[in-house]
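Below is the file protein.txt, which contains compact mmCIF, C-alpha atoms.
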```txt
# COMPACT_ATOMS: atom_id res chain seq x y z
CA MET A 1 -87.98 23.29 49.97
CA SER A 2 -84.88 23.17 47.84
CA ASP A 3 -85.69 26.48 46.14
CA GLU A 4 -84.88 28.30 49.33
CA VAL A 5 -81.45 26.78 49.76
CA GLU A 6 -78.80 28.91 51.28
CA PRO A 7 -75.47 27.43 50.25
CA GLY A 8 -73.58 25.98 53.17
CA ASN A 9 -76.46 26.41 55.57
CA HIS A 10 -77.97 22.96 55.78
CA HIS A 11 -80.08 23.69 58.81
CA ALA A 12 -82.37 26.04 56.95
CA TRP A 13 -82.78 23.43 54.30
CA SER A 14 -84.67 20.18 54.31
CA PRO A 15 -84.46 17.64 51.53
CA ASN A 16 -86.93 16.55 48.90
CA VAL A 17 -87.18 12.80 48.83
CA VAL A 18 -89.20 10.98 46.20
CA ALA A 19 -90.45 7.49 47.01
CA PHE A 20 -91.48 5.08 44.27
CA VAL A 21 -93.57 2.45 45.98
CA CYS A 22 -95.48 -0.59 44.90
CA ASN A 23 -99.24 -0.57 45.17
CA TRP A 24 -99.55 -3.91 46.92
CA CYS A 25 -97.06 -3.86 49.75
CA THR A 26 -95.24 -0.63 50.45
CA TYR A 27 -98.07 1.75 49.60
CA THR A 28 -100.37 -0.18 51.89
CA GLY A 29 -97.58 -0.25 54.46
CA ALA A 30 -97.20 3.51 54.17
CA ASP A 31 -100.97 3.83 54.50
CA LEU A 32 -100.82 1.76 57.67
CA ALA A 33 -98.07 4.00 59.01
CA GLY A 34 -100.31 6.98 58.32
CA THR A 35 -103.48 5.57 59.85
CA SER A 36 -101.46 4.40 62.85
CA ARG A 37 -100.41 8.04 63.33
CA LEU A 38 -96.73 7.18 63.22
CA LYS A 39 -94.60 10.30 63.21
CA MET A 40 -92.55 10.65 60.05
CA ASP A 41 -90.46 13.33 58.41
CA PRO A 42 -92.66 15.24 55.98
CA ASN A 43 -90.02 15.29 53.23
CA VAL A 44 -91.06 12.20 51.34
CA ARG A 45 -93.37 12.41 48.33
CA VAL A 46 -94.89 9.04 47.57
CA ILE A 47 -95.50 7.95 44.00
CA LYS A 48 -97.64 4.84 43.75
CA LEU A 49 -96.83 2.34 41.03
CA PRO A 50 -98.32 -1.07 40.28
CA CYS A 51 -95.07 -2.88 41.12
CA SER A 52 -91.47 -2.13 42.00
CA SER A 53 -90.54 -3.52 38.60
CA ARG A 54 -92.46 -0.61 37.07
CA VAL A 55 -89.64 1.64 38.22
CA ASN A 56 -87.62 2.38 35.14
CA PRO A 57 -84.11 3.53 36.09
CA LEU A 58 -85.02 6.69 34.21
CA PHE A 59 -87.60 7.51 36.90
CA ILE A 60 -84.79 7.79 39.41
CA ILE A 61 -82.55 9.78 37.10
CA LYS A 62 -85.46 12.06 36.25
CA ALA A 63 -86.31 12.57 39.91
CA PHE A 64 -82.78 13.81 40.58
CA GLU A 65 -82.84 15.90 37.46
CA ARG A 66 -86.04 17.61 38.55
CA GLY A 67 -84.83 18.53 41.99
CA ALA A 68 -85.05 15.50 44.25
CA ASP A 69 -82.25 15.18 46.79
CA GLY A 70 -82.94 11.57 47.59
CA VAL A 71 -84.93 8.65 46.23
CA ILE A 72 -86.55 5.68 47.91
CA VAL A 73 -87.64 2.66 45.94
CA SER A 74 -89.65 0.12 47.81
CA GLY A 75 -91.75 -2.91 47.00
CA CYS A 76 -92.81 -6.27 48.30
CA HIS A 77 -90.39 -8.60 50.01
CA THR A 78 -88.80 -11.22 47.78
CA GLY A 79 -91.22 -14.03 47.20
CA ASP A 80 -94.21 -11.81 48.03
CA CYS A 81 -94.64 -10.03 44.71
CA HIS A 82 -98.27 -9.69 43.62
CA TYR A 83 -97.09 -10.46 40.10
CA SER A 84 -94.89 -13.36 41.27
CA THR A 85 -91.56 -12.16 39.89
CA GLY A 86 -91.76 -8.37 39.48
CA ASN A 87 -89.56 -7.55 42.43
CA TYR A 88 -86.89 -9.97 41.24
CA HIS A 89 -86.64 -8.01 38.00
CA ALA A 90 -86.52 -4.80 40.02
CA ARG A 91 -83.79 -6.14 42.26
CA ARG A 92 -81.54 -7.01 39.32
CA ARG A 93 -82.08 -3.68 37.69
CA PHE A 94 -81.29 -1.77 40.87
CA ALA A 95 -78.14 -3.75 41.46
CA ILE A 96 -76.82 -2.35 38.18
CA LEU A 97 -78.22 1.13 38.70
CA HIS A 98 -76.94 1.43 42.25
CA ASP A 99 -73.41 0.65 41.15
CA LEU A 100 -73.66 2.91 38.14
CA LEU A 101 -74.98 5.88 40.11
CA GLN A 102 -72.08 5.56 42.51
CA PHE A 103 -69.69 5.50 39.61
CA MET A 104 -71.34 8.60 38.20
CA GLY A 105 -70.75 10.39 41.51
CA VAL A 106 -74.14 10.20 43.16
CA GLU A 107 -73.60 9.50 46.86
CA GLU A 108 -74.65 6.02 47.84
CA ASP A 109 -76.90 7.27 50.64
CA ARG A 110 -79.11 9.29 48.33
CA VAL A 111 -80.77 6.21 46.91
CA THR A 112 -82.45 3.75 49.24
CA PHE A 113 -83.83 0.43 48.14
CA ALA A 114 -86.08 -1.18 50.71
CA TRP A 115 -88.64 -3.91 50.92
CA VAL A 116 -91.64 -3.02 53.04
CA SER A 117 -94.68 -5.24 53.33
CA ALA A 118 -98.28 -4.11 53.91
CA SER A 119 -98.07 -4.85 57.62
CA GLU A 120 -94.76 -3.08 58.18
CA GLY A 121 -95.91 0.44 58.98
CA ASN A 122 -93.10 0.73 61.49
CA LYS A 123 -90.51 -0.25 58.95
CA TRP A 124 -91.80 2.37 56.53
CA GLN A 125 -91.51 5.00 59.23
CA GLN A 126 -87.96 3.87 59.83
CA VAL A 127 -87.06 3.92 56.11
CA VAL A 128 -88.50 7.42 55.70
CA ASN A 129 -86.81 8.87 58.76
CA GLU A 130 -83.46 7.25 58.14
CA THR A 131 -83.34 8.24 54.48
CA THR A 132 -84.34 11.82 55.22
CA ALA A 133 -81.70 12.05 57.95
CA ARG A 134 -79.01 10.70 55.64
CA VAL A 135 -79.92 13.03 52.80
CA GLN A 136 -80.13 15.95 55.21
CA GLN A 137 -76.58 15.15 56.20
CA LEU A 138 -75.41 15.08 52.58
CA GLY A 139 -77.00 18.39 51.68
CA PRO A 140 -78.70 19.40 48.44
CA PHE A 141 -78.07 17.32 45.34
CA ALA A 142 -76.00 19.06 42.63
CA PRO A 143 -76.69 22.52 44.09
CA SER A 144 -74.73 24.35 41.39
CA GLU A 145 -77.10 23.07 38.71
CA LYS A 146 -80.12 24.06 40.75
CA GLN A 147 -78.81 27.58 41.21
CA ASN A 148 -78.19 27.89 37.51
CA GLY A 149 -81.81 27.24 36.86
CA GLY A 150 -81.04 23.89 35.27
CA VAL A 151 -83.88 22.26 37.12
CA GLN A 152 -87.40 23.13 36.16
CA MET B 6 -55.68 -12.78 -2.30
CA SER B 7 -56.11 -12.89 1.46
CA GLU B 8 -57.88 -15.58 3.42
CA LEU B 9 -60.73 -13.12 4.04
CA GLN B 10 -61.18 -12.24 0.39
CA GLU B 11 -60.99 -15.92 -0.57
CA THR B 12 -63.66 -16.90 1.96
CA ALA B 13 -65.92 -14.01 0.93
CA ARG B 14 -65.60 -14.89 -2.75
CA LYS B 15 -66.38 -18.52 -2.03
CA LEU B 16 -69.46 -17.68 0.06
CA LEU B 17 -70.78 -15.34 -2.63
CA SER B 18 -70.11 -17.59 -5.61
CA GLU B 19 -71.59 -20.63 -3.87
CA GLY B 20 -74.64 -18.54 -3.04
CA THR B 21 -74.37 -19.20 0.71
CA VAL B 22 -74.81 -15.48 1.25
CA SER B 23 -75.88 -12.66 -1.04
CA VAL B 24 -73.89 -9.91 0.66
CA VAL B 25 -70.66 -9.71 2.59
CA ILE B 26 -70.45 -6.78 4.97
CA GLY B 27 -66.82 -5.85 5.46
CA TYR B 28 -64.27 -3.07 5.29
CA GLU B 29 -62.87 -1.49 2.15
CA GLU B 30 -60.45 1.29 1.32
CA GLY B 31 -62.38 4.53 0.76
CA PRO B 32 -61.33 8.02 -0.26
CA ARG B 33 -61.14 9.05 3.40
CA GLY B 34 -59.79 5.90 5.00
CA VAL B 35 -61.46 2.62 5.75
CA ARG B 36 -65.21 2.46 5.27
CA PRO B 37 -67.89 -0.23 5.46
CA ALA B 38 -68.42 -2.16 2.24
CA PHE B 39 -71.33 -4.22 1.00
CA ILE B 40 -69.96 -6.78 -1.41
CA THR B 41 -72.58 -8.53 -3.51
CA ALA B 42 -70.52 -9.89 -6.44
CA PRO B 43 -67.75 -12.49 -6.07
CA ALA B 44 -65.51 -10.42 -8.33
CA GLN B 45 -65.60 -7.52 -5.87
CA ALA B 46 -64.40 -9.65 -2.96
CA ASP B 47 -60.80 -8.50 -3.44
CA LYS B 48 -61.86 -5.04 -2.22
CA LEU B 49 -62.16 -6.41 1.31
CA ILE B 50 -59.45 -5.47 3.78
CA PHE B 51 -58.81 -5.90 7.46
CA ASP B 52 -56.19 -4.05 9.48
CA THR B 53 -55.75 -1.86 12.54
CA ARG B 54 -57.83 0.92 11.01
CA CYS B 55 -61.00 -1.19 11.03
CA VAL B 56 -62.54 0.38 14.12
CA GLN B 57 -66.20 0.29 13.18
CA ASN B 58 -68.49 -2.38 14.52
CA LEU B 59 -70.19 -3.81 11.44
CA ALA B 60 -72.57 -5.93 13.50
CA THR B 61 -74.79 -2.88 13.55
CA TYR B 62 -75.71 -3.52 9.90
CA LEU B 63 -77.38 -6.77 10.94
CA ASN B 64 -79.81 -4.75 13.00
CA PRO B 65 -83.34 -5.35 11.66
CA ARG B 66 -84.03 -1.61 11.65
CA ARG B 67 -81.57 -1.30 8.76
CA LYS B 68 -84.07 -2.29 6.12
CA GLN B 69 -81.89 -1.46 3.11
CA VAL B 70 -79.24 -3.88 4.28
CA ALA B 71 -81.86 -6.53 5.05
CA GLN B 72 -83.13 -6.21 1.48
CA LEU B 73 -79.75 -7.35 0.17
CA GLY B 74 -80.49 -10.83 1.52
CA ARG B 75 -78.61 -13.24 3.72
CA ALA B 76 -75.44 -11.62 4.99
CA ALA B 77 -71.97 -12.55 6.05
CA VAL B 78 -70.33 -10.03 8.34
CA VAL B 79 -66.67 -9.34 9.08
CA VAL B 80 -66.17 -8.96 12.82
CA LYS B 81 -63.44 -8.51 15.38
CA GLY B 82 -63.66 -10.39 18.66
CA CYS B 83 -65.44 -7.48 20.34
CA ASP B 84 -67.89 -7.10 17.45
CA ALA B 85 -68.63 -10.82 17.66
CA ARG B 86 -69.86 -10.10 21.17
CA ALA B 87 -72.30 -7.64 19.71
CA VAL B 88 -73.54 -10.29 17.28
CA ALA B 89 -73.92 -12.67 20.21
CA GLY B 90 -75.87 -9.98 22.06
CA MET B 91 -78.21 -9.50 19.13
CA ILE B 92 -78.80 -13.21 18.86
CA ARG B 93 -79.49 -13.37 22.58
CA GLU B 94 -81.95 -10.50 22.32
CA LYS B 95 -83.70 -12.26 19.43
CA GLN B 96 -82.92 -9.53 16.93
CA ILE B 97 -81.28 -11.90 14.48
CA GLU B 98 -81.23 -15.66 14.07
CA ARG B 99 -77.94 -17.46 14.36
CA GLY B 100 -78.67 -19.45 11.22
CA ASN B 101 -79.31 -16.31 9.18
CA VAL B 102 -75.87 -14.82 9.47
CA VAL B 103 -72.41 -16.02 8.54
CA ILE B 104 -69.77 -14.66 10.88
CA LEU B 105 -66.34 -14.05 9.38
CA ALA B 106 -64.34 -13.50 12.54
CA MET B 107 -60.92 -11.91 12.30
CA ARG B 108 -58.18 -12.52 14.81
CA CYS B 109 -57.31 -9.03 16.01
CA GLY B 110 -54.35 -7.42 17.73
CA GLY B 111 -55.99 -4.11 18.55
CA VAL B 112 -57.22 -1.15 16.53
CA LEU B 113 -56.27 2.51 16.36
CA GLN B 114 -57.84 5.21 18.43
CA ASN B 115 -57.88 7.60 15.54
CA PRO B 116 -57.37 5.94 12.15
CA GLU B 117 -57.55 9.27 10.30
CA THR B 118 -54.33 10.58 11.79
CA ASN B 119 -52.38 7.50 12.87
CA SER B 120 -51.40 4.32 11.17
CA GLU B 121 -49.01 2.58 13.54
CA LEU B 122 -50.19 0.81 16.66
CA THR B 123 -48.35 2.13 19.70
CA THR B 124 -49.26 2.71 23.34
CA GLN B 125 -50.22 6.25 22.36
CA THR B 126 -52.33 5.44 19.32
CA VAL B 127 -54.08 2.22 20.35
CA SER B 128 -57.79 2.41 21.09
CA VAL B 129 -58.57 2.49 24.79
CA ARG B 130 -61.07 -0.29 24.34
CA CYS B 131 -58.25 -2.70 23.40
CA GLY B 132 -56.74 -2.57 26.89
CA GLY B 133 -57.21 -5.90 28.61
CA CYS B 134 -58.89 -7.47 25.58
CA THR B 135 -59.85 -11.10 26.11
CA VAL B 136 -61.27 -11.77 22.66
CA ARG B 137 -58.33 -11.31 20.31
CA GLU B 138 -59.41 -14.68 19.02
CA PRO B 139 -63.18 -14.34 18.57
CA LYS B 140 -65.36 -16.80 20.44
CA LEU B 141 -68.32 -16.80 18.04
CA PHE B 142 -67.67 -17.49 14.37
CA ASP B 143 -68.38 -19.54 11.28
CA HIS B 144 -64.99 -18.85 9.75
CA LEU B 145 -62.06 -17.87 11.95
CA LEU B 146 -59.58 -15.98 9.78
CA GLY B 147 -56.12 -14.46 9.92
CA GLU B 148 -53.08 -15.03 12.05
CA LEU B 149 -53.22 -14.31 15.77
CA PRO B 150 -51.34 -11.01 16.21
CA PRO B 151 -49.50 -10.19 19.42
CA GLU B 152 -51.35 -8.45 22.24
CA PRO B 153 -52.08 -4.78 21.56
CA PRO B 154 -49.72 -2.30 23.22
CA VAL B 155 -51.51 -0.83 26.20
CA ASN B 156 -50.47 1.72 28.75
CA THR B 157 -53.46 1.86 31.07
CA HIS B 158 -55.73 -1.02 31.76
CA ARG B 159 -59.46 -0.28 32.16
CA VAL B 160 -59.42 -1.73 35.66
CA GLU B 161 -56.77 0.81 36.68
CA GLN B 162 -58.73 3.67 35.15
CA ILE B 163 -61.81 2.63 37.06
CA ALA B 164 -59.82 2.26 40.28
CA ALA B 165 -58.46 5.79 39.81
CA LEU B 166 -61.98 7.15 39.37
CA MET B 167 -63.29 5.30 42.38
CA LYS B 168 -60.57 6.87 44.52
CA MET B 169 -62.15 10.29 43.94
CA SER B 170 -64.87 11.60 46.20
CA SER B 171 -68.45 11.47 44.96
CA SER B 172 -68.53 15.15 44.14
CA GLU B 173 -65.23 14.96 42.26
CA ARG B 174 -66.57 12.11 40.20
CA TRP B 175 -69.75 14.04 39.58
CA THR B 176 -67.76 17.03 38.33
CA PHE B 177 -65.55 14.77 36.25
CA TRP B 178 -68.49 13.16 34.47
CA THR B 179 -70.27 16.46 34.03
CA GLU B 180 -67.21 17.78 32.23
CA GLN B 181 -66.83 14.67 30.13
CA LEU B 182 -70.48 14.63 29.18
CA SER B 183 -70.50 18.31 28.31
CA ARG B 184 -68.74 17.27 25.10
CA CYS B 185 -71.83 15.39 23.98
CA ILE B 186 -73.79 17.36 21.38
CA ARG B 187 -76.65 14.86 21.34
CA CYS B 188 -76.26 14.05 17.67
CA HIS B 189 -77.38 10.51 18.52
CA ALA B 190 -74.73 9.02 16.23
CA CYS B 191 -73.95 6.63 19.10
CA ARG B 192 -77.47 5.29 18.76
CA GLU B 193 -77.06 4.85 15.02
CA ALA B 194 -73.75 3.06 15.41
CA CYS B 195 -74.85 0.84 18.27
CA PRO B 196 -75.90 -2.69 17.30
CA MET B 197 -77.96 -2.97 20.46
CA CYS B 198 -80.08 0.10 19.79
CA PHE B 199 -83.02 -1.51 18.08
CA CYS B 200 -86.04 0.04 19.79
CA VAL B 201 -88.70 1.04 17.29
CA LYS B 202 -89.28 4.22 19.24
CA CYS B 203 -86.38 5.61 21.21
CA THR B 204 -86.91 7.02 24.69
CA ALA B 205 -85.05 10.12 23.54
CA GLU B 206 -87.84 10.82 21.08
CA LYS B 207 -90.72 10.33 23.43
CA SER B 208 -92.45 13.58 24.22
CA GLN B 209 -95.29 12.53 26.49
CA PRO B 210 -93.68 12.49 28.92
CA GLN B 211 -90.40 13.84 27.67
CA TRP B 212 -87.93 11.65 29.53
CA ILE B 213 -84.86 13.17 28.04
CA ASP B 214 -84.62 16.81 27.05
CA SER B 215 -83.67 17.11 23.38
CA SER B 216 -81.15 19.90 23.93
CA SER B 217 -77.68 19.10 25.21
CA THR B 218 -77.95 20.41 28.76
CA PRO B 219 -75.83 18.68 31.42
CA GLN B 220 -78.92 17.03 32.87
CA ALA B 221 -80.17 15.81 29.52
CA ASN B 222 -76.78 14.50 28.45
CA ARG B 223 -76.45 12.69 31.72
CA ALA B 224 -79.90 11.17 31.43
CA TRP B 225 -79.29 10.09 27.85
CA GLN B 226 -75.89 8.54 28.48
CA THR B 227 -76.94 6.88 31.71
CA MET B 228 -79.95 5.40 30.01
CA ARG B 229 -77.79 4.03 27.23
CA CYS B 230 -75.38 2.63 29.78
CA ILE B 231 -78.10 0.82 31.64
CA ARG B 232 -79.51 -0.45 28.40
CA ARG B 233 -76.16 -1.86 27.45
CA ALA B 234 -75.41 -3.22 30.87
CA VAL B 235 -78.69 -5.05 30.68
CA ALA B 236 -77.85 -6.23 27.21
CA TRP B 237 -74.51 -7.37 28.62
CA ILE B 238 -72.74 -6.28 25.53
CA ALA B 239 -69.67 -4.88 27.25
CA TRP B 240 -68.05 -1.59 26.58
CA ASN B 241 -67.22 -1.40 22.98
CA ALA B 242 -70.27 -1.84 20.84
CA SER B 243 -70.01 1.31 18.86
CA ALA B 244 -67.13 3.37 17.58
CA HIS B 245 -68.76 6.73 18.19
CA VAL B 246 -69.04 6.57 21.95
CA PRO B 247 -66.41 8.66 23.72
CA ASN B 248 -63.87 6.28 25.16
CA ILE B 249 -64.25 7.50 28.67
CA PHE B 250 -67.88 6.57 28.51
CA ARG B 251 -67.17 3.08 27.31
CA LEU B 252 -65.66 2.71 30.72
CA VAL B 253 -69.00 3.29 32.38
CA CYS B 254 -70.65 0.81 30.08
CA TRP B 255 -68.01 -1.71 30.85
CA ARG B 256 -68.13 -0.95 34.53
CA ALA B 257 -71.87 -1.39 34.47
CA THR B 258 -71.43 -4.92 33.21
CA LEU B 259 -69.23 -5.92 36.14
CA PRO B 260 -70.83 -7.95 38.91
CA THR B 261 -71.81 -5.61 41.71
CA GLN B 262 -69.64 -5.64 44.78
```

Exercise: express the given structure as structure tokens:
Amino acid sequence: MSDEVEPGNHHAWSPNVVAFVCNWCTYTGADLAGTSRLKMDPNVRVIKLPCSSRVNPLFIIKAFERGADGVIVSGCHTGDCHYSTGNYHARRRFAILHDLLQFMGVEEDRVTFAWVSASEGNKWQQVVNETTARVQQLGPFAPSEKQNGGVQ
Amino acid sequence: MSELQETARKLLSEGTVSVVIGYEEGPRGVRPAFITAPAQADKLIFDTRCVQNLATYLNPRRKQVAQLGRAAVVVKGCDARAVAGMIREKQIERGNVVILAMRCGGVLQNPETNSELTTQTVSVRCGGCTVREPKLFDHLLGELPPEPPVNTHRVEQIAALMKMSSSERWTFWTEQLSRCIRCHACREACPMCFCVKCTAEKSQPQWIDSSSTPQANRAWQTMRCIRRAVAWIAWNASAHVPNIFRLVCWRATLPTQ
């Protein structure tokens, strides 16, 4: 966990990744990955939401603020949204946020946007493992703030 | 009597509008004026010190202004964008406002201390301006002044920032945002801030910490940026936003690469 970070020693550290997933596709996909006993990195905490468009950009900012080192946002493939157009709204919003986060100095690889359907357990496994590996590589997010007790 | 004063007097005496929102000379420099009588129209001025965005007074949350009746508003090209944004977001109706758009050749960064427009004193937001002649108006007034003197274009500033590494940029913004004292004057000045209940005031859950910690400042400013990017209002809606942060707002409105 990030509380036990030793600066500069990334091997003793493993990242916290928060995943915001949609109830209809990705959550079911993640469930399938679980019931299929696919091996995944245990770093990802899944938060189930009704739709990817429920993800307010503030969720992502808040996740980082509260100690996440990486964030995954995942929903239904385009055209497959349970609410017809939710993921289109999400996609537009993330296009702006993604660019803005980069401009603010958050490494691109910390935030992953993916589309995982209910039958894509394998893809979920891949998204989880790849994201964790990338964040592991980058190290803790804003470690100085964490050490100063800025994060609750 | 200037073209602006003439137009304002005509609008008021004909009864087209019951208030003209413009700029007047105050004891401490230029201040917003609410002209309701035709005889007062000669108070109106417009020059390089008129930095405020008066479109914010059209905001429906400003009930005292709304009580004055149908309004005409004096805008620069950039402020006209804010009016357009408010119309687009269904905050005001196009037919309910008379836009007195001024041709503008740039405004001062700090009207309290400077009066002449030079590369040092010009507002950063004027760099690369494309709306010296406003696009949205009922009355287009004034002569078209020359382009404002500019030393650094916004695009160059952004390019310089993007050359830094992620952690350098992070440090840079943390330093910049540490100046924010969370007075929320930016929210008051912003024409696009019209939420009945602001996220900053929500306590269950508390999205944004009310004290000015680095995290809270970052969350607050990023949220406002996203809000504005979504509103597509560009970078200069309110006068109270630190200039460096306008850059983010503006950057956020660019098409993503």

- prompt: Near Gly110 of chain B, counting all atoms listed in the file, which residues have an atom at most 12 Å away, once you skip same-chain residues fewer than 6 positions from it, shown as an NGL selection string?
  reply: :B and (51-56 or 81-83 or 122-123 or 127-128 or 130-139 or 147-155)

task: May I have the residues of chain B within 6 Å of chain A, counting only C-alpha atoms, written as a list in words?
output: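 Taking only C-alpha atoms into account, Ser171, Ser172, Arg174, Trp175 and Ala257 of chain B sit within 6 Å of chain A.
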
Mind dumping the selected residues with C-alpha atoms as a short mmCIF file (atom, residue, chain, number, x, y, z; two decimals), keeping the file's coordinate frame?
```
data_model
loop_
_atom_site.label_atom_id
_atom_site.label_comp_id
_atom_site.auth_asym_id
_atom_site.auth_seq_id
_atom_site.Cartn_x
_atom_site.Cartn_y
_atom_site.Cartn_z
CA SER B 171 -68.45 11.47 44.96
CA SER B 172 -68.53 15.15 44.14
CA ARG B 174 -66.57 12.11 40.20
CA TRP B 175 -69.75 14.04 39.58
CA ALA B 257 -71.87 -1.39 34.47
#
```

task: Please measure the separation of atom CA of Ser23 of chain B and atom CA of Ala77 of chain B, giving the value in Å to one decimal.
output: 8.1 Å

field: Who sits within 12 Å of Asn129 of chain A, only C-alpha atoms, same chain under 5 positions skipped, as number ranges by chain
entry: A: 15, 17, 38-44, 72, 112, 122-124, 134-136

Between atom CA of Val18 of chain A and atom CA of Glu130 of chain A, distance in Å (one decimal):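 Result for atom CA of Val18 of chain A versus atom CA of Glu130 of chain A: 13.8 Å, one decimal.
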
field: Atomic distance atom CA of Gly29 of chain A - atom CA of Gly121 of chain A, expressed in Å with one decimal
entry: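 Taking atom CA of Gly29 of chain A as the start and atom CA of Gly121 of chain A as the end point, the length is 4.9 Å.
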
- prompt: With only C-alpha atoms as the atoms that count, which of B:Leu145, B:Ala85, B:Val22, B:Val80 lies nearest to Gly100 of chain B?
  reply: B:Val22

- prompt: Around (-72.6, -21.9, 3.9) in the file's frame, which residues reach within 12 Å when counting all atoms listed in the file? Return as an NGL selection string?
  reply: :B and (12-23 or 75-77 or 100-105 or 143-144)

Hey, what's within 12 Å of Gln45 of chain B if we count all atoms listed in the file and toss same-chain stuff fewer than 4 positions away? As a PDB file with C-alpha atoms, in the frame of the given file, please?
```
ATOM      1  CA  MET B   6     -55.680 -12.780  -2.300  1.00  0.00           C
ATOM      2  CA  GLN B  10     -61.180 -12.240   0.390  1.00  0.00           C
ATOM      3  CA  GLU B  11     -60.990 -15.920  -0.570  1.00  0.00           C
ATOM      4  CA  ALA B  13     -65.920 -14.010   0.930  1.00  0.00           C
ATOM      5  CA  ARG B  14     -65.600 -14.890  -2.750  1.00  0.00           C
ATOM      6  CA  LYS B  15     -66.380 -18.520  -2.030  1.00  0.00           C
ATOM      7  CA  LEU B  17     -70.780 -15.340  -2.630  1.00  0.00           C
ATOM      8  CA  SER B  18     -70.110 -17.590  -5.610  1.00  0.00           C
ATOM      9  CA  VAL B  24     -73.890  -9.910   0.660  1.00  0.00           C
ATOM     10  CA  VAL B  25     -70.660  -9.710   2.590  1.00  0.00           C
ATOM     11  CA  ILE B  26     -70.450  -6.780   4.970  1.00  0.00           C
ATOM     12  CA  GLY B  27     -66.820  -5.850   5.460  1.00  0.00           C
ATOM     13  CA  GLU B  29     -62.870  -1.490   2.150  1.00  0.00           C
ATOM     14  CA  ALA B  38     -68.420  -2.160   2.240  1.00  0.00           C
ATOM     15  CA  PHE B  39     -71.330  -4.220   1.000  1.00  0.00           C
ATOM     16  CA  ILE B  40     -69.960  -6.780  -1.410  1.00  0.00           C
ATOM     17  CA  THR B  41     -72.580  -8.530  -3.510  1.00  0.00           C
ATOM     18  CA  LEU B  49     -62.160  -6.410   1.310  1.00  0.00           C
ATOM     19  CA  ILE B  50     -59.450  -5.470   3.780  1.00  0.00           C
TER      20      ILE B  50
END
```

- request: Could you give me, as number ranges by chain, the residues within 12 Å of Tyr27 of chain A, counting only C-alpha atoms and dropping anything in the same chain fewer than 4 positions from it?
  value: A: 19-23, 31-34, 45-52, 73-76, 115-121, 124

Could you turn the residues from that selection into a file that holds C-alpha atoms, as an mmCIF file, keeping the file's coordinate frame?
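That gives us result_34.cif:
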```cif
data_model
loop_
_atom_site.group_PDB
_atom_site.id
_atom_site.type_symbol
_atom_site.label_atom_id
_atom_site.label_comp_id
_atom_site.auth_asym_id
_atom_site.auth_seq_id
_atom_site.Cartn_x
_atom_site.Cartn_y
_atom_site.Cartn_z
ATOM 1 C CA ALA A 19 -90.450 7.490 47.010
ATOM 2 C CA PHE A 20 -91.480 5.080 44.270
ATOM 3 C CA VAL A 21 -93.570 2.450 45.980
ATOM 4 C CA CYS A 22 -95.480 -0.590 44.900
ATOM 5 C CA ASN A 23 -99.240 -0.570 45.170
ATOM 6 C CA ASP A 31 -100.970 3.830 54.500
ATOM 7 C CA LEU A 32 -100.820 1.760 57.670
ATOM 8 C CA ALA A 33 -98.070 4.000 59.010
ATOM 9 C CA GLY A 34 -100.310 6.980 58.320
ATOM 10 C CA ARG A 45 -93.370 12.410 48.330
ATOM 11 C CA VAL A 46 -94.890 9.040 47.570
ATOM 12 C CA ILE A 47 -95.500 7.950 44.000
ATOM 13 C CA LYS A 48 -97.640 4.840 43.750
ATOM 14 C CA LEU A 49 -96.830 2.340 41.030
ATOM 15 C CA PRO A 50 -98.320 -1.070 40.280
ATOM 16 C CA CYS A 51 -95.070 -2.880 41.120
ATOM 17 C CA SER A 52 -91.470 -2.130 42.000
ATOM 18 C CA VAL A 73 -87.640 2.660 45.940
ATOM 19 C CA SER A 74 -89.650 0.120 47.810
ATOM 20 C CA GLY A 75 -91.750 -2.910 47.000
ATOM 21 C CA CYS A 76 -92.810 -6.270 48.300
ATOM 22 C CA TRP A 115 -88.640 -3.910 50.920
ATOM 23 C CA VAL A 116 -91.640 -3.020 53.040
ATOM 24 C CA SER A 117 -94.680 -5.240 53.330
ATOM 25 C CA ALA A 118 -98.280 -4.110 53.910
ATOM 26 C CA SER A 119 -98.070 -4.850 57.620
ATOM 27 C CA GLU A 120 -94.760 -3.080 58.180
ATOM 28 C CA GLY A 121 -95.910 0.440 58.980
ATOM 29 C CA TRP A 124 -91.800 2.370 56.530
#
```
